[in-house]
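Q: File my_file.pdb follows (PDB, C-alpha atoms):
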```pdb
ATOM      1  CA  SER C   1     100.176 159.731 164.286
ATOM      2  CA  PRO C   2     102.419 156.882 165.542
ATOM      3  CA  SER C   3     104.947 157.703 162.821
ATOM      4  CA  GLY C   4     104.970 161.357 163.812
ATOM      5  CA  ASP C   5     104.210 162.410 160.249
ATOM      6  CA  GLU C   6     100.725 163.779 160.901
ATOM      7  CA  LEU C   7      98.846 165.668 163.591
ATOM      8  CA  ALA C   8      95.089 165.135 163.994
ATOM      9  CA  VAL C   9      93.045 167.872 165.667
ATOM     10  CA  GLY C  10      89.472 167.571 166.900
ATOM     11  CA  THR C  11      87.590 170.795 166.161
ATOM     12  CA  TYR C  12      84.394 172.543 167.168
ATOM     13  CA  GLY C  13      82.327 171.897 164.069
ATOM     14  CA  ASP C  14      84.937 171.121 161.428
ATOM     15  CA  GLY C  15      85.452 167.459 162.265
ATOM     16  CA  ILE C  16      88.997 166.110 162.388
ATOM     17  CA  ARG C  17      91.605 168.248 160.675
ATOM     18  CA  VAL C  18      94.887 166.587 159.764
ATOM     19  CA  PHE C  19      98.185 168.409 159.355
ATOM     20  CA  SER C  20     101.563 167.337 158.011
ATOM     21  CA  THR C  21     104.275 167.709 160.643
ATOM     22  CA  GLN C  22     106.783 168.517 157.902
ATOM     23  CA  ASP C  23     105.395 172.011 157.383
ATOM     24  CA  TYR C  24     102.124 171.872 159.367
ATOM     25  CA  SER C  25     100.066 172.367 156.261
ATOM     26  CA  GLU C  26      96.554 170.921 156.327
ATOM     27  CA  VAL C  27      96.351 167.717 154.302
ATOM     28  CA  TYR C  28      92.879 166.340 155.123
ATOM     29  CA  THR C  29      89.569 167.297 156.711
ATOM     30  CA  ALA C  30      87.420 164.427 157.930
ATOM     31  CA  GLY C  31      83.786 165.103 158.798
ATOM     32  CA  SER C  32      82.054 168.296 159.878
ATOM     33  CA  VAL C  33      80.946 167.738 163.486
ATOM     34  CA  VAL C  34      82.205 168.742 166.934
ATOM     35  CA  ILE C  35      84.983 166.330 167.971
ATOM     36  CA  ASN C  36      85.770 166.063 171.683
ATOM     37  CA  SER C  37      88.588 163.522 171.465
ATOM     38  CA  VAL C  38      90.760 162.059 168.736
ATOM     39  CA  ARG C  39      93.211 159.136 168.784
ATOM     40  CA  TYR C  40      95.241 157.163 166.249
ATOM     41  CA  SER C  41      95.379 153.384 166.405
ATOM     42  CA  PRO C  42      98.819 152.038 167.379
ATOM     43  CA  ASP C  43      99.549 150.905 163.816
ATOM     44  CA  GLY C  44      98.422 154.247 162.394
ATOM     45  CA  GLU C  45      95.817 152.585 160.189
ATOM     46  CA  TYR C  46      92.855 154.331 161.785
ATOM     47  CA  VAL C  47      91.955 157.530 163.594
ATOM     48  CA  ALA C  48      88.920 157.649 165.888
ATOM     49  CA  GLY C  49      86.956 160.737 166.890
ATOM     50  CA  GLY C  50      84.431 160.980 169.723
ATOM     51  CA  SER C  51      81.771 163.563 168.901
ATOM     52  CA  ARG C  52      79.113 165.742 170.467
ATOM     53  CA  ASN C  53      76.488 164.191 168.239
ATOM     54  CA  ASP C  54      76.819 160.972 170.296
ATOM     55  CA  ASN C  55      78.823 159.010 167.723
ATOM     56  CA  VAL C  56      82.347 157.682 167.360
ATOM     57  CA  TYR C  57      83.733 158.075 163.835
ATOM     58  CA  ILE C  58      86.452 155.790 162.466
ATOM     59  CA  TYR C  59      88.528 156.927 159.492
ATOM     60  CA  GLU C  60      91.198 155.046 157.611
ATOM     61  CA  THR C  61      94.338 157.139 157.319
ATOM     62  CA  ASP C  62      95.297 156.676 153.674
ATOM     63  CA  THR C  63      92.640 159.090 152.457
ATOM     64  CA  TYR C  64      90.788 159.738 155.739
ATOM     65  CA  SER C  65      87.639 158.139 154.379
ATOM     66  CA  LEU C  66      84.962 157.163 156.901
ATOM     67  CA  VAL C  67      84.927 153.405 157.471
ATOM     68  CA  GLU C  68      82.627 153.076 160.490
ATOM     69  CA  THR C  69      80.246 155.078 162.682
ATOM     70  CA  LEU C  70      79.627 153.722 166.192
ATOM     71  CA  THR C  71      76.179 154.835 167.322
ATOM     72  CA  ASP C  72      75.641 153.080 170.669
ATOM     73  CA  ALA C  73      76.016 156.191 172.841
ATOM     74  CA  ALA C  74      73.003 158.397 173.578
ATOM     75  CA  SER C  75      75.015 161.421 174.734
ATOM     76  CA  PHE C  76      78.249 163.296 174.037
ATOM     77  CA  VAL C  77      81.240 161.011 173.501
ATOM     78  CA  ASN C  78      84.027 162.591 175.539
ATOM     79  CA  GLY C  79      86.981 160.251 175.213
ATOM     80  CA  VAL C  80      88.340 157.560 172.903
ATOM     81  CA  ALA C  81      91.387 155.310 173.295
ATOM     82  CA  PHE C  82      92.882 152.349 171.456
ATOM     83  CA  SER C  83      94.448 149.500 173.381
ATOM     84  CA  PRO C  84      98.234 149.194 172.853
ATOM     85  CA  ASP C  85      97.828 146.006 170.816
ATOM     86  CA  GLY C  86      95.211 147.687 168.641
ATOM     87  CA  GLU C  87      92.570 145.053 169.354
ATOM     88  CA  TYR C  88      90.151 147.332 171.177
ATOM     89  CA  LEU C  89      88.744 150.834 171.043
ATOM     90  CA  ALA C  90      87.245 152.316 174.215
ATOM     91  CA  SER C  91      84.904 155.302 174.434
ATOM     92  CA  SER C  92      83.422 157.313 177.315
ATOM     93  CA  ASP C  93      80.257 159.406 177.342
ATOM     94  CA  ASN C  94      78.062 161.797 179.274
ATOM     95  CA  ASP C  95      75.815 158.994 180.543
ATOM     96  CA  GLY C  96      78.700 157.382 182.419
ATOM     97  CA  PHE C  97      79.305 154.496 180.028
ATOM     98  CA  ALA C  98      82.602 153.085 178.837
ATOM     99  CA  ARG C  99      82.101 151.025 175.718
ATOM    100  CA  ILE C 100      84.652 148.569 174.374
ATOM    101  CA  TYR C 101      84.714 147.709 170.682
ATOM    102  CA  SER C 102      86.633 145.109 168.705
ATOM    103  CA  THR C 103      88.703 146.739 165.976
ATOM    104  CA  GLN C 104      88.341 143.601 163.852
ATOM    105  CA  ASP C 105      84.732 144.377 162.948
ATOM    106  CA  TRP C 106      83.888 147.354 165.235
ATOM    107  CA  SER C 107      81.380 145.254 167.142
ATOM    108  CA  LEU C 108      80.515 146.147 170.740
ATOM    109  CA  VAL C 109      82.341 143.799 173.121
ATOM    110  CA  ILE C 110      81.119 145.066 176.494
ATOM    111  CA  THR C 111      79.586 148.103 178.175
ATOM    112  CA  LEU C 112      80.933 149.256 181.553
ATOM    113  CA  ARG C 113      79.191 151.636 183.948
ATOM    114  CA  GLU C 114      79.764 152.403 187.607
ATOM    115  CA  SER C 115      77.527 155.476 187.977
ATOM    116  CA  THR C 116      75.307 157.813 185.993
ATOM    117  CA  SER C 117      77.866 160.613 186.313
ATOM    118  CA  ILE C 118      79.649 161.841 183.190
ATOM    119  CA  LEU C 119      82.635 159.710 182.193
ATOM    120  CA  ASN C 120      85.044 162.315 180.886
ATOM    121  CA  ASP C 121      88.005 160.316 179.642
ATOM    122  CA  VAL C 122      89.396 156.817 179.087
ATOM    123  CA  ASP C 123      92.893 155.427 178.639
ATOM    124  CA  PHE C 124      94.637 152.067 178.545
ATOM    125  CA  SER C 125      97.832 151.336 180.445
ATOM    126  CA  ASN C 126     100.819 150.934 178.138
ATOM    127  CA  ASP C 127     100.987 147.199 178.798
ATOM    128  CA  GLY C 128      97.284 146.844 177.965
ATOM    129  CA  ARG C 129      96.400 145.228 181.291
ATOM    130  CA  TYR C 130      94.140 148.028 182.522
ATOM    131  CA  LEU C 131      91.516 150.419 181.242
ATOM    132  CA  PHE C 132      90.924 153.607 183.222
ATOM    133  CA  GLY C 133      87.885 155.884 183.189
ATOM    134  CA  ALA C 134      87.771 159.366 184.777
ATOM    135  CA  SER C 135      84.361 160.264 186.178
ATOM    136  CA  ASP C 136      82.571 163.440 187.201
ATOM    137  CA  ASN C 137      81.712 161.740 190.506
ATOM    138  CA  GLY C 138      85.276 162.044 191.830
ATOM    139  CA  ASN C 139      86.474 158.553 190.926
ATOM    140  CA  THR C 140      88.802 157.162 188.318
ATOM    141  CA  TYR C 141      87.910 153.536 187.688
ATOM    142  CA  ALA C 142      90.469 150.829 186.929
ATOM    143  CA  TYR C 143      89.325 147.740 185.013
ATOM    144  CA  THR C 144      91.389 144.692 184.123
ATOM    145  CA  THR C 145      91.177 144.038 180.392
ATOM    146  CA  ALA C 146      91.439 140.264 180.792
ATOM    147  CA  ASP C 147      87.880 140.163 182.145
ATOM    148  CA  TRP C 148      86.744 143.821 182.134
ATOM    149  CA  GLU C 149      86.108 143.645 185.882
ATOM    150  CA  LEU C 150      86.402 146.693 188.128
ATOM    151  CA  ARG C 151      89.566 146.340 190.214
ATOM    152  CA  GLN C 152      89.938 149.727 191.880
ATOM    153  CA  SER C 153      88.240 153.081 192.332
ATOM    154  CA  LEU C 154      90.825 155.845 192.628
ATOM    155  CA  SER C 155      89.716 158.897 194.574
ATOM    156  CA  VAL C 156      92.731 160.458 196.284
ATOM    157  CA  VAL C 157      91.367 163.865 195.280
ATOM    158  CA  GLY C 158      87.720 164.872 195.172
ATOM    159  CA  GLY C 159      85.765 166.840 192.642
ATOM    160  CA  ALA C 160      85.143 165.819 189.072
ATOM    161  CA  HIS C 161      87.944 163.848 187.418
ATOM    162  CA  ASN C 162      88.299 165.285 183.912
ATOM    163  CA  THR C 163      91.294 163.454 182.532
ATOM    164  CA  VAL C 164      93.320 160.267 182.899
ATOM    165  CA  ASP C 165      96.582 159.037 181.380
ATOM    166  CA  ALA C 166      98.462 155.831 182.113
ATOM    167  CA  SER C 167     101.884 154.318 181.493
ATOM    168  CA  ASP C 168     102.705 150.693 182.320
ATOM    169  CA  LYS C 169     103.532 151.499 185.964
ATOM    170  CA  TYR C 170     101.561 154.633 186.810
ATOM    171  CA  VAL C 171      98.199 156.294 186.274
ATOM    172  CA  ALA C 172      97.636 160.055 186.503
ATOM    173  CA  TYR C 173      94.362 161.897 186.796
ATOM    174  CA  GLY C 174      93.154 165.400 187.581
ATOM    175  CA  GLY C 175      90.082 167.565 187.619
ATOM    176  CA  ASP C 176      88.025 170.379 189.001
ATOM    177  CA  ASN C 177      89.807 170.754 192.335
ATOM    178  CA  ALA C 178      93.072 171.798 190.615
ATOM    179  CA  GLU C 179      95.011 168.746 191.800
ATOM    180  CA  ALA C 180      96.742 166.075 189.721
ATOM    181  CA  VAL C 181      97.530 162.691 191.254
ATOM    182  CA  VAL C 182      99.890 159.924 190.182
ATOM    183  CA  GLN C 183      99.297 156.443 191.592
ATOM    184  CA  SER C 184     101.186 153.215 191.134
ATOM    185  CA  ILE C 185      99.307 150.621 189.093
ATOM    186  CA  GLY C 186      98.783 147.419 191.054
ATOM    187  CA  ASP C 187      99.259 148.447 194.666
ATOM    188  CA  TRP C 188      97.562 151.799 193.968
ATOM    189  CA  SER C 189      99.853 153.727 196.300
ATOM    190  CA  THR C 190     100.039 157.491 195.786
ATOM    191  CA  VAL C 191     103.296 158.522 194.141
ATOM    192  CA  MET C 192     102.633 162.250 194.029
ATOM    193  CA  THR C 193      99.953 164.906 194.331
ATOM    194  CA  THR C 194     100.535 168.291 192.779
ATOM    195  CA  THR C 195      98.610 171.480 193.462
ATOM    196  CA  GLN C 196     100.731 173.695 191.223
ATOM    197  CA  PRO C 197      97.794 174.636 188.988
ATOM    198  CA  THR C 198      95.305 176.921 190.680
ATOM    199  CA  ASP C 199      92.356 176.137 188.441
ATOM    200  CA  THR C 200      90.585 173.184 186.828
ATOM    201  CA  ILE C 201      92.831 170.548 185.274
ATOM    202  CA  ASN C 202      91.475 169.564 181.863
ATOM    203  CA  THR C 203      94.165 167.165 180.705
ATOM    204  CA  VAL C 204      97.248 165.358 182.002
ATOM    205  CA  SER C 205      99.956 163.410 180.201
ATOM    206  CA  LEU C 206     102.557 161.013 181.557
ATOM    207  CA  SER C 207     105.841 160.554 179.741
ATOM    208  CA  PRO C 208     106.233 156.999 178.321
ATOM    209  CA  SER C 209     108.602 156.141 181.166
ATOM    210  CA  GLY C 210     106.138 157.511 183.697
ATOM    211  CA  GLU C 211     108.842 159.707 185.191
ATOM    212  CA  ARG C 212     107.351 163.051 184.142
ATOM    213  CA  LEU C 213     103.854 164.509 184.292
ATOM    214  CA  VAL C 214     102.595 167.346 182.118
TER     215      VAL C 214
END
```
Please re-express this file's structure in structure tokens.

A:
Amino acid sequence: SPSGDELAVGTYGDGIRVFSTQDYSEVYTAGSVVINSVRYSPDGEYVAGGSRNDNVYIYETDTYSLVETLTDAASFVNGVAFSPDGEYLASSDNDGFARIYSTQDWSLVITLRESTSILNDVDFSNDGRYLFGASDNGNTYAYTTADWELRQSLSVVGGAHNTVDASDKYVAYGGDNAEAVVQSIGDWSTVMTTTQPTDTINTVSLSPSGERLV
């Protein structure tokens, strides 16, 4: 959670399980489905879970009661991400769609799609100017959030892109060819490419400053 008081875990069949970071005891269980991705809203008011039953579930975090179910996807929902200002929630799915929802009423704002390949992950840049989507077709797509237009397709490495994470200056992605790439946001120059892993990269994480990659 943004406060650091709770840890939410997406499980294979037990929904979202929530633990206190004081003693890591379980404090809540929300739902009973397979959850592929889980994210808190920036203010900590909500937690969203993308599921294998094609839905996105929104829970309020006081009692982890379900407040909304987003049912627009027709395939597994692989990734969810809130914008830094908390105004939007993005999701990605197996049909290649990125869907953007307003967190005011959970209405669908726009649907983005560049190919029919699986869209594995989504993330906003820390300044909220860009949305990124990592695709099975070997591209990570960069959209500007002012107009939701595609600005760049990032494909320094081939193979499926499984994961994407962005700071305000950099975006990192990685995938099946065991390479992770960091590119500068804006001029899209390659900052680094690492081949230290020798197998598929499932997830990457940039430090808030963008100076370290995990």

Q: Hey, can you pull every residue with an atom no more than 12 Å from (86.4, 168.1, 194.1), using all atoms listed in the file, and send it as a ChimeraX atom specification?

A: /C:135-139,155-162,174-180,199-201

Q: Fewer than 5 positions away in the same chain doesn't count, so skip those; otherwise give me all residues within 7 Å of Arg151 (chain C), counting all atoms listed in the file, as a list in words.

A: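 Listed by chain and then number, they are Ala142, Tyr143 and Thr144 of chain C.
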
Q: Could you check how far CA of Val18 (chain C) sits from CA of Phe97 (chain C), in Å to one decimal?

A: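 Distance reported for this atom pair: 28.3 Å.
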
Q: Quick check, in Å to one decimal: how far apart do CA of Gly49 (chain C) and CA of Tyr64 (chain C) lie?

A: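 Separation of CA of Gly49 (chain C) and CA of Tyr64 (chain C): 11.8 Å.
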
Q: Taking the file as shown, what set of residues would the PyMOL selection byres ((chain C and resi 113) around 10) give back, as a list in words?

A: Ser92, Asp95, Gly96, Phe97, Ala98, Arg99, Thr111, Leu112, Glu114, Ser115, Thr116, Ser117, Leu119, Gly133, Tyr141 and Leu150 of chain C

Q: Specify the axis-aligned box that encloses all atoms of region 13-17 of chain C listed in the file after padding of 3 Å on each side, stating its centre and edge lengths in Å to one decimal as lines of an AutoDock Vina configuration file.

A:
```
center_x = 87.0
center_y = 169.0
center_z = 162.4
size_x = 15.3
size_y = 11.8
size_z = 9.4
```

Q: Kindly resolve the PyMOL selection byres ((chain C and resi 68-83) around 8) on the present coordinates and return the residues as a PyMOL selection string.

A: chain C and resi 36-42+48-59+66-67+84-95+106+119-124+128

Q: Find the residues near region 183-194 of chain C: any atom within 6 Å, counting all atoms listed in the file, skip ones fewer than 4 places away on the same chain, and give them as a short mmCIF file (atom, residue, chain, number, x, y, z; two decimals) with C-alpha atoms, keeping the file's coordinate frame.

A:
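The new file around.cif reads:
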```cif
data_model
loop_
_atom_site.label_atom_id
_atom_site.label_comp_id
_atom_site.auth_asym_id
_atom_site.auth_seq_id
_atom_site.Cartn_x
_atom_site.Cartn_y
_atom_site.Cartn_z
CA LYS C 169 103.53 151.50 185.96
CA TYR C 170 101.56 154.63 186.81
CA VAL C 171 98.20 156.29 186.27
CA GLU C 179 95.01 168.75 191.80
#
```

Q: Applied to this file, what does the PyMOL selection byres ((chain C and resi 203-209) around 7) return in terms of residues, put as JSON, numbers by chain?

A: {"C": [162, 163, 164, 165, 166, 167, 172, 173, 174, 201, 202, 210, 211, 212, 213, 214]}

Q: Quick one, how far is CA of Ile35 (chain C) from CA of Ser107 (chain C)?

A: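 Answer for the CA of Ile35 (chain C) to CA of Ser107 (chain C) separation: 21.4 Å.
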